[in-house]
Amino acid sequence: MACMKVLLDRMLRTGYNIVQESRQRKFGPPPDWQGPPPARGCEVFLGRIPRDLYEDELVPVLETVGKLYQLRLMMEHGGETRGYAFATYATLAQGTDAVKKLNKLEIRPGRRIGVCISVDNRRLFIGGLPKDKKRTEVMMAMSGATEGMVDVKMSVCRWDKTLNRGYAFIEYGSHHAAAMARKKLLRINFQLWGRTIKVDWAIPEWHTVAAAAAAALPEVAMLSWAGRLRMLCRTTGISYPIFELHAHSGPGMPAGLLYKVSIPGMGEGASIFPAFLSSSEEGAREVACQHAYNILTKANPLRMCPAPAATPPPSCLFQGLST
């Protein structure tokens, strides 16, 4: 490929390395870099990238803003890109400038990219904790099980301040440390105090989710609500919601379908029923995806009060897990 020849020439000229890891290709860091990696906030998310556009075109554009520390281009198995990437700059100022100067840049005729500060999620959600455990106990357990942990956040029960709510948010020093911890804990079927512990990404701050959604999506008319939700979850690292199908009927009304939506990483009880019934399973899925998308982009997930009914409506006829 011509692009690979150009990229190899750039590698030889600059000394940058290129490494393929799983489904991403890393360009950088610079050979003369000394000290720790750039601080949080130096990484930007790049969305709406043409799937046949590679580092040979992208790197020169990114370098017009400042010194590029690393580019991570998300790849498909067939060799095309997945349409998005992450670029880390040497300084916070350069990362901010990249958003200002490159967002909506026409990188090819009629193709504008979206750029925003990366979510850079560093928090894991763990659920299923014994409610009598204190923060210090959870900190000791998690620091022994994983590396790079810097903090634990827990909430107490409203009716008994001596008990926790059964879940906690674990903060790590970097996204990489959080990702490695999550991978390890999922692989070993993590247990604490004789209980299997749920592990997932915590929902990031709501404003960064909304910004990433705006930068990632192509023209909204081209995507269904299910497509928008998949793109949002993929680009922000949010775990995909779980949908559970229910049938609903009442006196004098036809039967209708709806999905209960459960959003991992938001704490226990974060299960919501959309307000509208549908006559088909496909329609119910679209309504549920729209509902989940709006929650994730327009509300602060950590302060959101889910609908109190975590059980099916009284007139529910059946339920079954939908995949």
# chains A, B, ... in the order shown; residues from 1 in each chain; ligands from 1
>>> residues_around(residues="Ser239 (chain A)", least_positions_apart="2", cutoff="7 Å", atoms="only C-alpha atoms", output="ChimeraX atom specification")
/A:201,233,237,241,264
>>> write_last_selection(atoms="C-alpha atoms", output="tab-separated table (two decimals), in the first residue's frame")
chain	number	residue	atom	x	y	z
A	201	TRP	CA	-16.27	0.58	33.40
A	233	CYS	CA	-20.57	3.24	23.77
A	237	GLY	CA	-15.75	3.11	26.59
A	241	PRO	CA	-26.76	-1.31	28.13
A	264	PRO	CA	-23.75	-1.05	33.79
>>> select_by_dssp(residues="region 86-191 of chain A", states="helix (DSSP H, G or I)", output="ChimeraX atom specification")
/A:92-102,135-145,175-187
>>> residues_around(residues="Val61 (chain A)", least_positions_apart="6", cutoff="10 Å", atoms="only C-alpha atoms", output="list in words")
Glu55, Ala98, Leu102, Leu105 and Ile107 of chain A
>>> residues_around(residues="Arg122 (chain A)", least_positions_apart="2", cutoff="9 Å", atoms="only C-alpha atoms", output="PyMOL selection string")
chain A and resi 119-120+124+170-179+201-202+204
>>> write_last_selection(atoms="C-alpha atoms", output="tab-separated table (two decimals), in the first residue's frame")
chain	number	residue	atom	x	y	z
A	119	VAL	CA	-13.03	10.84	27.91
A	120	ASP	CA	-9.92	9.08	29.29
A	124	LEU	CA	-14.09	1.06	37.38
A	170	ILE	CA	-12.29	2.53	41.89
A	171	GLU	CA	-10.04	5.29	40.55
A	172	TYR	CA	-6.74	4.49	38.81
A	173	GLY	CA	-3.78	6.64	37.87
A	174	SER	CA	-4.31	6.16	34.14
A	175	HIS	CA	-6.76	4.72	31.65
A	176	HIS	CA	-4.24	1.99	30.86
A	177	ALA	CA	-4.03	0.96	34.53
A	178	ALA	CA	-7.82	0.86	34.77
A	179	ALA	CA	-8.08	-1.18	31.56
A	201	TRP	CA	-16.27	0.58	33.40
A	202	ALA	CA	-17.84	3.36	35.45
A	204	PRO	CA	-17.63	8.91	32.80
>>> atom_distance(atom1="CA of Ile117 (chain A)", atom2="CA of Leu296 (chain A)")
17.2 Å
